[in-house]
Amino acid sequence: MIIAVDGPTASGKGTIAKALAAHFGLPHLDTGLLYRAVGRQVALAGGNPDSPDDALAATDFPDSLLDDPELRNEVTGGLASRVSIHPLVRKALFERQRAFALQHGGAVLDGRDIGTVIAPDAEVKLYVTASVEVRAQRRCAEMQDAGREVSLDDMMADLAARDERDTNRSDAPLMVAPDAGLIDTTSLNKEAAIAAAVEAVNAAKEQGTRNGK
Ligand code: DC
């Protein structure tokens, strides 16, 4: 069973994808981390994330970079969003994600284009969203826990800019797959969001069994 979880930054999709993987005993890939590694690699190489050539060269990043804690910060998130608009970057990362999705026994992948491009054949597609205010509040709280102070207004502006770029790029933009189930986590706590996702997967599995899949 392939489970595709898409949605904007800080919507809760990563938490949901991880919980679904644990619940259903499936491996999980956070595909945003691949784009973050490309963004970080461009910066380390002194390149320009808006240059298709520099960004493409950075797709050759060493696997060890995936463990770099800097990948999780907002600066790298912004770089990831910028490198991800280049079609050749997306193409270079495609096979790795597709192979992960197709592994025997299934997988959970989260990102922006899993249900639309990487695994349009996924048995279960979820689109996780939340208001920009709530997403910014969550991100600010996470940063405070990590000892960093960020203003809510700055975070909202940053998330809105990333949403705009991810949604309006021409190649594989962030969008709701027509057959995706929507989970709005704006007024859900973590446990309720995970429960809604588990229920959606079970319902899709049941439907699949009924349809003889
Ligand atoms: O999910 P995230 O915040 O870690 O993703 C960082 C950026 O990577 C995001 O702004 C856009 C890009 N991305 C993408 O284009 N496609 C994906 N499947 C995952 C992430």
# chains A, B, ... in the order shown; residues from 1 in each chain; ligands from 1
>>> residues_near_ligand(ligand="ligand 1", cutoff="7 Å", atoms="only C-alpha atoms and all ligand atoms", output="PyMOL selection string")
chain A and resi 8-10+31-33+35-36+77-78+80-81+84-85+110-114+162+166
>>> residues_around(residues="Ile194 (chain A)", least_positions_apart="4", cutoff="9 Å", atoms="only C-alpha atoms", output="list in words")
Thr15, Ile16, Ala17, Ala19, Leu20, Asn189, Lys190, Val198 and Glu199 of chain A
>>> residues_around(residues="region 40-55 of chain A", least_positions_apart="3", cutoff="6 Å", atoms="only C-alpha atoms", output="PyMOL selection string")
chain A and resi 37+58+76+83+86
>>> closest_residue(among="A:Glu149, A:Glu133, A:Glu164, A:Asp171", to="Ser187 (chain A)", atoms="only C-alpha atoms")
A:Glu133
>>> residues_around(residues="Arg148 (chain A)", least_positions_apart="4", cutoff="12 Å", atoms="only C-alpha atoms", output="mmCIF file with all heavy atoms, in the first residue's frame")
data_model
loop_
_atom_site.group_PDB
_atom_site.id
_atom_site.type_symbol
_atom_site.label_atom_id
_atom_site.label_comp_id
_atom_site.auth_asym_id
_atom_site.auth_seq_id
_atom_site.Cartn_x
_atom_site.Cartn_y
_atom_site.Cartn_z
ATOM 1 N N ASN A 73 16.134 23.933 9.505
ATOM 2 C CA ASN A 73 15.836 25.329 9.854
ATOM 3 C C ASN A 73 15.116 26.077 8.722
ATOM 4 O O ASN A 73 15.003 25.595 7.598
ATOM 5 C CB ASN A 73 17.090 26.058 10.363
ATOM 6 C CG ASN A 73 18.114 26.281 9.265
ATOM 7 O OD1 ASN A 73 17.752 26.470 8.099
ATOM 8 N ND2 ASN A 73 19.388 26.260 9.629
ATOM 9 N N GLU A 74 14.605 27.261 9.085
ATOM 10 C CA GLU A 74 13.771 28.028 8.135
ATOM 11 C C GLU A 74 14.564 28.516 6.934
ATOM 12 O O GLU A 74 14.030 28.611 5.830
ATOM 13 C CB GLU A 74 13.151 29.239 8.855
ATOM 14 C CG GLU A 74 12.075 28.871 9.859
ATOM 15 C CD GLU A 74 10.966 28.006 9.267
ATOM 16 O OE1 GLU A 74 10.373 28.393 8.260
ATOM 17 O OE2 GLU A 74 10.716 26.927 9.813
ATOM 18 N N ARG A 139 5.055 26.756 14.100
ATOM 19 C CA ARG A 139 6.482 26.873 13.766
ATOM 20 C C ARG A 139 7.215 27.742 14.793
ATOM 21 O O ARG A 139 8.322 27.413 15.210
ATOM 22 C CB ARG A 139 6.612 27.486 12.394
ATOM 23 C CG ARG A 139 7.408 26.819 11.277
ATOM 24 C CD ARG A 139 8.437 25.859 11.618
ATOM 25 N NE ARG A 139 8.165 24.495 11.176
ATOM 26 C CZ ARG A 139 8.302 24.055 9.937
ATOM 27 N NH1 ARG A 139 8.748 24.838 9.007
ATOM 28 N NH2 ARG A 139 8.027 22.814 9.637
ATOM 29 N N CYS A 140 6.569 28.847 15.193
ATOM 30 C CA CYS A 140 7.202 29.740 16.180
ATOM 31 C C CYS A 140 7.399 29.000 17.511
ATOM 32 O O CYS A 140 8.443 29.139 18.154
ATOM 33 C CB CYS A 140 6.354 30.992 16.418
ATOM 34 S SG CYS A 140 6.492 32.201 15.099
ATOM 35 N N ALA A 141 6.388 28.203 17.899
ATOM 36 C CA ALA A 141 6.497 27.459 19.163
ATOM 37 C C ALA A 141 7.654 26.460 19.089
ATOM 38 O O ALA A 141 8.435 26.316 20.030
ATOM 39 C CB ALA A 141 5.188 26.740 19.470
ATOM 40 N N GLU A 142 7.786 25.795 17.928
ATOM 41 C CA GLU A 142 8.893 24.836 17.753
ATOM 42 C C GLU A 142 10.239 25.548 17.877
ATOM 43 O O GLU A 142 11.165 25.043 18.497
ATOM 44 C CB GLU A 142 8.852 24.231 16.340
ATOM 45 C CG GLU A 142 7.919 23.050 16.168
ATOM 46 C CD GLU A 142 7.789 22.667 14.693
ATOM 47 O OE1 GLU A 142 8.701 22.954 13.881
ATOM 48 O OE2 GLU A 142 6.756 22.089 14.360
ATOM 49 N N MET A 143 10.309 26.752 17.276
ATOM 50 C CA MET A 143 11.576 27.482 17.295
ATOM 51 C C MET A 143 11.886 27.959 18.703
ATOM 52 O O MET A 143 13.036 27.939 19.137
ATOM 53 C CB MET A 143 11.522 28.665 16.324
ATOM 54 C CG MET A 143 11.059 28.255 14.969
ATOM 55 S SD MET A 143 12.103 28.483 13.575
ATOM 56 C CE MET A 143 13.376 29.503 13.953
ATOM 57 N N GLN A 144 10.827 28.382 19.436
ATOM 58 C CA GLN A 144 11.031 28.812 20.828
ATOM 59 C C GLN A 144 11.577 27.663 21.659
ATOM 60 O O GLN A 144 12.494 27.837 22.451
ATOM 61 C CB GLN A 144 9.704 29.266 21.428
ATOM 62 C CG GLN A 144 9.603 30.782 21.522
ATOM 63 C CD GLN A 144 8.208 31.222 21.914
ATOM 64 O OE1 GLN A 144 7.369 30.407 22.297
ATOM 65 N NE2 GLN A 144 7.953 32.509 21.811
#
>>> residues_around(residues="Ser131 (chain A)", least_positions_apart="4", cutoff="12 Å", atoms="only C-alpha atoms", output="VMD selection string")
chain A and resid 7 to 12 135 to 138 156 159 to 160 163 183 to 188
>>> write_last_selection(atoms="N, CA, C and O atoms", output="short mmCIF file (atom, residue, chain, number, x, y, z; two decimals), in the first residue's frame")
data_model
loop_
_atom_site.label_atom_id
_atom_site.label_comp_id
_atom_site.auth_asym_id
_atom_site.auth_seq_id
_atom_site.Cartn_x
_atom_site.Cartn_y
_atom_site.Cartn_z
N GLY A 7 0.84 18.51 1.29
CA GLY A 7 0.32 19.69 1.97
C GLY A 7 1.40 20.74 2.14
O GLY A 7 2.57 20.47 1.88
N PRO A 8 0.99 21.95 2.56
CA PRO A 8 1.97 23.02 2.73
C PRO A 8 2.83 22.84 3.98
O PRO A 8 2.55 21.98 4.83
N THR A 9 3.85 23.68 4.08
CA THR A 9 4.76 23.69 5.23
C THR A 9 4.00 23.85 6.55
O THR A 9 3.10 24.69 6.64
N ALA A 10 4.40 23.06 7.54
CA ALA A 10 3.88 23.16 8.91
C ALA A 10 2.39 22.89 9.02
O ALA A 10 1.73 23.34 9.95
N SER A 11 1.86 22.12 8.06
CA SER A 11 0.43 21.78 8.12
C SER A 11 0.20 20.59 9.07
O SER A 11 -0.93 20.32 9.45
N GLY A 12 1.29 19.88 9.39
CA GLY A 12 1.18 18.67 10.20
C GLY A 12 1.36 17.42 9.36
O GLY A 12 1.25 16.31 9.86
N ARG A 135 -0.35 27.63 11.31
CA ARG A 135 0.93 27.01 10.92
C ARG A 135 2.10 27.85 11.44
O ARG A 135 3.10 27.32 11.92
N ALA A 136 1.95 29.18 11.34
CA ALA A 136 3.02 30.06 11.82
C ALA A 136 3.17 29.95 13.34
O ALA A 136 4.29 29.93 13.86
N GLN A 137 2.03 29.86 14.04
CA GLN A 137 2.09 29.71 15.51
C GLN A 137 2.84 28.43 15.89
O GLN A 137 3.68 28.42 16.78
N ARG A 138 2.52 27.34 15.19
CA ARG A 138 3.19 26.06 15.48
C ARG A 138 4.69 26.16 15.24
O ARG A 138 5.50 25.70 16.04
N MET A 156 4.68 34.32 9.50
CA MET A 156 3.52 34.26 8.60
C MET A 156 3.90 34.72 7.20
O MET A 156 3.50 34.12 6.20
N LEU A 159 5.99 31.93 5.54
CA LEU A 159 5.18 30.77 5.11
C LEU A 159 4.32 31.15 3.89
O LEU A 159 4.18 30.35 2.95
N ALA A 160 3.77 32.36 3.91
CA ALA A 160 2.92 32.79 2.79
C ALA A 160 3.75 32.86 1.51
O ALA A 160 3.28 32.46 0.43
N ASP A 163 4.33 29.29 0.36
CA ASP A 163 3.08 28.73 -0.20
C ASP A 163 2.90 29.23 -1.63
O ASP A 163 2.56 28.46 -2.53
N ILE A 183 -7.59 16.78 5.09
CA ILE A 183 -7.56 16.86 6.55
C ILE A 183 -7.11 18.27 6.93
O ILE A 183 -5.97 18.65 6.67
N ASP A 184 -8.02 19.04 7.50
CA ASP A 184 -7.70 20.40 7.93
C ASP A 184 -7.36 20.34 9.42
O ASP A 184 -8.22 20.05 10.25
N THR A 185 -6.10 20.61 9.74
CA THR A 185 -5.66 20.46 11.14
C THR A 185 -5.73 21.79 11.92
O THR A 185 -5.23 21.85 13.03
N THR A 186 -6.37 22.81 11.31
CA THR A 186 -6.39 24.14 11.96
C THR A 186 -6.87 24.03 13.41
O THR A 186 -6.26 24.61 14.31
N SER A 187 -7.95 23.29 13.63
CA SER A 187 -8.45 23.21 15.01
C SER A 187 -8.34 21.80 15.58
O SER A 187 -9.11 21.43 16.46
N LEU A 188 -7.38 21.03 15.07
CA LEU A 188 -7.17 19.68 15.60
C LEU A 188 -5.84 19.64 16.36
O LEU A 188 -4.85 20.21 15.90
#
>>> closest_residue(among="A:Ala195, A:Val134, A:Ala57, A:Ala22", to="Val108 (chain A)", atoms="only C-alpha atoms")
A:Ala22
>>> select_by_dssp(residues="chain A", states="strand (DSSP E or B)", output="list in words")
Ile2, Ile3, Ala4, Val5, Asp6, His28, Leu29, Asp30, Ala107, Val108, Leu109, Asp110, Gly111, Val124, Lys125, Leu126, Tyr127, Val128, Thr129, Gly181, Leu182, Ile183 and Asp184 of chain A
>>> residues_around(residues="region 206-211 of chain A", least_positions_apart="5", cutoff="12 Å", atoms="only C-alpha atoms", output="tab-separated table (two decimals) with C-alpha atoms, in the first residue's frame")
chain	number	residue	atom	x	y	z
A	1	MET	CA	0.00	0.00	0.00
A	122	ALA	CA	-1.14	5.56	-4.52
A	123	GLU	CA	-3.98	3.63	-2.85
A	124	VAL	CA	-4.40	6.39	-0.29
A	199	GLU	CA	-9.45	6.56	9.87
A	200	ALA	CA	-9.06	7.88	6.30
A	201	VAL	CA	-6.50	5.17	5.48
